[in-house]
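Student: Sharing a structure below in structure tokens format, with a few things to ask.
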Amino acid sequence: MTALAAHLERSHWWQSRVVRRFLNHRLALPGLVMISLLTIACVVGPYLLPFDSLYIDLRARFSPPLTGQHFLGTDPLGRDIAARLLMAGRTSLLVGFFAMVLSVLVGTIVGVVAGYRGGWINAVLMRTVDGFLSFPSIFLLLALAAALKPSPAFITVIIAVTSWMEVARIVEAEVRSLREREFVLAGRMLGLRGAHIMFREILPNAVGPIIVAATLTVARAILMEAYISFLGYGIQPPLPSWGNMLNGAQQYLASAPWLAIIPGVAITIAVTSFNFIGDGLRDALDVRDDHV
Amino acid sequence: MTAFLLKRFMQSLVLLVIVSIIGFIVLNLIPGGPMAQYGLDPGMTQQDIARLEEQLGLNRPLWVQYFDWAWRLLQGDWGTSFRDGNPVLTVIGRHIFATLLLMGSSTVIAVAIGTWIGIRGATHRYSAFDYVATVGAMIALSIPTFWFGLIGIYVFALELGWLPAGNMYTIGDGSILNYLHHLIMPSVVLALVHIAIWSRFMRSSTLDAMNQEFVKTARAKGVSERRVIMKHVVGNALLPMITLAGVQLPSILTGALVTETVFTWPGMGRLFLDSLGYSDYPVVMGLLMFSAILTIAGNLIADIVVALVDPRIRLA
């Protein structure tokens with residue numbers, strides 16, 4: 001008895017099987033470390049650098065990396081790229097994170113209701129999901145971004161509009177398979193309201209796949225922000241984002257290739273990290289692997 | 001088979017209706033709606049716009065307008081471009097060949113390489129090759145297509161000078177070789193993400209096929225391992241890939257848009273961005289609807305092909 005008590009006392013959350021499997025995953029931990037470092041750099045970094053991300057110095061235009069005090073060089077207006085990269089990281093990571101929160105919220109509600117109610121409600125909701133998936137996301141994003149006034153909040157919303165469907169599909173399939181289980185029947189017999197059964201009884205059992213999908217959605221949202229900002233319809237200057245730092249980089253490709261290379265590396269590192277973490281979580285949480 | 005086809009066809013029709021409703025909502029989200037373009041013209045007074053709206057029926061209830069718009073879409077009347085006054089379908093038609101050429105060649109590359117990586121990864125599971133391919137695919141999925149294009153241009157066009165930095169052909173040189181030379185880089189750039197996706201799916205699909213009873217039977221009969229893989233496994237593993245090809249269409253179109261932008265490739269993606277720049281909403285809407293319809297048609301065709309090839313689905 002005392003041994004059991006001692007054992008229970010010792011088993012903290014970080015000793016659980018899920019955490020152990022996640023930490024033993026060959027990609028998840030590097031991903032977690034990379035994204036943590038990147039986030040810390042973006043939060044703290046701008047205070048440590050000698051330059052402001054918006055400070056224009058025309059005498060120092062197009063300085064290559066590692067010249068003078070400019071660690072990563074300067075852009076066509078002589079602004080310090082290191083400072084801009086970290087400030088841009090704040091924008092891109094925040095947009096990615098909040099777009100994920102919105103997508104998961106919408107996707108989960110649609111998925112739970114469609115999966116639990118079934119029938120024509122399921123048909124209408126899931127066909128709508130199919131409808132949104134029929135559009136190439138960038139076409140829909142650009143049409144919306146060009147039509148309406150682009151602000152960071154609005155960009156976040158439209159990225160969410162084009163990325164909630166995957167979560168909805170995953171949750172719907174999960175809930176549909178849980179709907180016939182005994183605990184749901186028990187809940188119905190107790191006279192619990194539909195909303196209570198859906199969100200308090202069934203939903204907690206579908207948390208694993210949702211967490212995995214959420215991680216991959218952050219990766220996707222960061223990429224989407226980069227795409228539309230690169231094309232000039234996303235985050236608008238002077239607010240820097242990784243995407244809009246690349247906008248216009250193509251015309252200086254021959255003379256100042258670092259303008260194109262540096263932000264792209266940052267995007268790739270951030271997105272790769274989230275994809276690695278998502279892969280690790282999928283293995284740790286035992287989520288069936290039928291998506292890439 | 002007829003029942004299956006009929007059911008699948010009806011599903012596509014329903015999807016088409018839903019897609020058109022989404023498209024119509026987007027059209028009406030544009031401030032000023034379909035009249036946005038004229039609102040910017042200083043020669044137009046508020047009265048003129050009100051009169052035009054009356055004439056064009058834009059003051060009717062939204063659902064009436066929707067049916068009117070959808071009906072004209074069905075008849076092939078997709079409006080006229082603000083920019084050059086040509087019918088939208090004509091404008092799209094002028095750009096479709098370039099996009100199909102790019103998508104086609106990059107799909108061939110992606111399928112060839114992705115299938116090979118996937119099969120090898122499955123037959124040599126947990127080998128160094130498999131591990132590198134898995135990590136490589138995840139990194140490839142994380143690289144923005146346009147950035148990969150920029151790096152490609154920097155390395156192969158500007159530094160090495162092996163490949164052209166953009167355009168579909170050199171003016172004055174209409175030879176096939178010239179086209180091909182221009183096609184290499186954009187199609188490889190567009191293919192990267194799809195090699196990754198294709199190889200992942202092919203790997204798990206091959207593993208599924210390898211665990212089937214008929215594979216065990218073939219092995220038990222003493223068929224050589226090479227023959228088992230080539231004859232029994234690959235054929236079955238490729239079946240789900242046909243469906244995947246259909247599902248991947250929107251993502252290939254998304255990739256095509258950015259690839260075309262980076263390589264000044266005169267296709268539909270380039271047209272979409274140019275039209276956005278000119279606020280040429282009829283063409284933007286036309287391309288939005290056209291790409292969705294293309295996707296629905298692609299998925300339908302993929303499902304029909306699978307049903308034709310695989311009797312299990314047809315009879316189910």
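Just remember, in the structure tokens the first chain shown is A, the second B, etc., residues are 1-based per chain, and ligands are 1-based in the order shown.
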Counting only C-alpha atoms, which residues of chain A come no farther than 8 Å from chain B, as a count of residues only?

Tutor: 37

Student: I'd like the neighbourhood of stretch 29-35 of chain A as a list in words, where a residue qualifies if any of its atoms comes within 7 Å (using only C-alpha atoms), though same-chain residues fewer than 5 positions away should be ignored.

Tutor: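 So, after excluding close chain neighbours, the residues are Leu23, Ala270, Ser273, Phe274, Phe276 and Ile277 of chain A.
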
Student: Which residues are close to A:Gly280, i.e. within 8 Å by only C-alpha atoms, leaving aside same-chain residues fewer than 4 positions away? Reply as JSON, numbers by chain.

Tutor: {"A": [22, 25, 26, 27, 28, 276, 284]}

Student: Rounded to one decimal place, report the atom CA of A:Trp164-atom CA of B:His194 distance in Å.

Tutor: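 That distance, rounded to one decimal, is 21.7 Å.
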
Student: Mind listing the alpha helix (DSSP H) residues of stretch 64-238 of chain A, per DSSP on the backbone, as a count of residues only?

Tutor: 123

Student: Any idea what's packed within 12 Å of B:Leu207, counting only C-alpha atoms, ignoring anything in its chain fewer than 6 positions away? Could you give it as a PyMOL selection string?

Tutor: chain B and resi 118-125+200-201+215+229+233-234+236-238

Student: Store the residues of this selection in a file with N, CA and C atoms, as a CSV table (one decimal), in the first residue's frame.

Tutor:
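Below is the file that was written, part.csv:
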```
chain,number,residue,atom,x,y,z
B,118,GLY,N,8.5,6.0,-52.4
B,118,GLY,CA,7.6,5.3,-51.6
B,118,GLY,C,7.7,3.8,-51.5
B,119,ILE,N,7.9,3.2,-52.7
B,119,ILE,CA,8.1,1.7,-52.8
B,119,ILE,C,9.4,1.3,-52.1
B,120,ARG,N,10.4,2.1,-52.4
B,120,ARG,CA,11.7,1.7,-51.8
B,120,ARG,C,11.7,1.9,-50.2
B,121,GLY,N,11.0,2.9,-49.8
B,121,GLY,CA,10.9,3.2,-48.4
B,121,GLY,C,10.1,2.0,-47.7
B,122,ALA,N,9.1,1.5,-48.4
B,122,ALA,CA,8.3,0.5,-47.8
B,122,ALA,C,9.0,-0.9,-47.8
B,123,THR,N,9.7,-1.2,-48.9
B,123,THR,CA,10.4,-2.5,-49.0
B,123,THR,C,11.7,-2.5,-48.1
B,124,HIS,N,12.3,-1.3,-47.9
B,124,HIS,CA,13.4,-1.2,-47.0
B,124,HIS,C,13.0,-0.4,-45.8
B,125,ARG,N,12.0,-0.9,-45.1
B,125,ARG,CA,11.4,-0.1,-44.0
B,125,ARG,C,12.5,0.0,-42.9
B,200,ARG,N,5.0,9.8,-49.3
B,200,ARG,CA,4.5,9.3,-48.0
B,200,ARG,C,3.3,8.4,-48.2
B,201,PHE,N,2.4,8.8,-49.1
B,201,PHE,CA,1.2,8.0,-49.4
B,201,PHE,C,1.5,6.7,-50.0
B,215,VAL,N,-0.6,-11.5,-51.1
B,215,VAL,CA,0.9,-11.3,-51.2
B,215,VAL,C,1.6,-12.5,-50.5
B,229,ILE,N,6.8,-7.9,-55.5
B,229,ILE,CA,6.6,-6.4,-55.4
B,229,ILE,C,6.1,-5.8,-56.7
B,233,VAL,N,2.2,-6.2,-55.5
B,233,VAL,CA,2.1,-5.1,-54.5
B,233,VAL,C,1.9,-3.8,-55.2
B,234,VAL,N,2.8,-3.4,-56.1
B,234,VAL,CA,2.7,-2.1,-56.7
B,234,VAL,C,1.4,-1.8,-57.4
B,236,ASN,N,-1.6,-2.9,-56.7
B,236,ASN,CA,-2.6,-2.6,-55.7
B,236,ASN,C,-2.3,-1.3,-54.9
B,237,ALA,N,-1.0,-1.1,-54.7
B,237,ALA,CA,-0.6,0.1,-54.0
B,237,ALA,C,-0.9,1.4,-54.8
B,238,LEU,N,-0.9,1.3,-56.1
B,238,LEU,CA,-1.1,2.5,-56.9
B,238,LEU,C,-2.6,2.9,-57.0
```
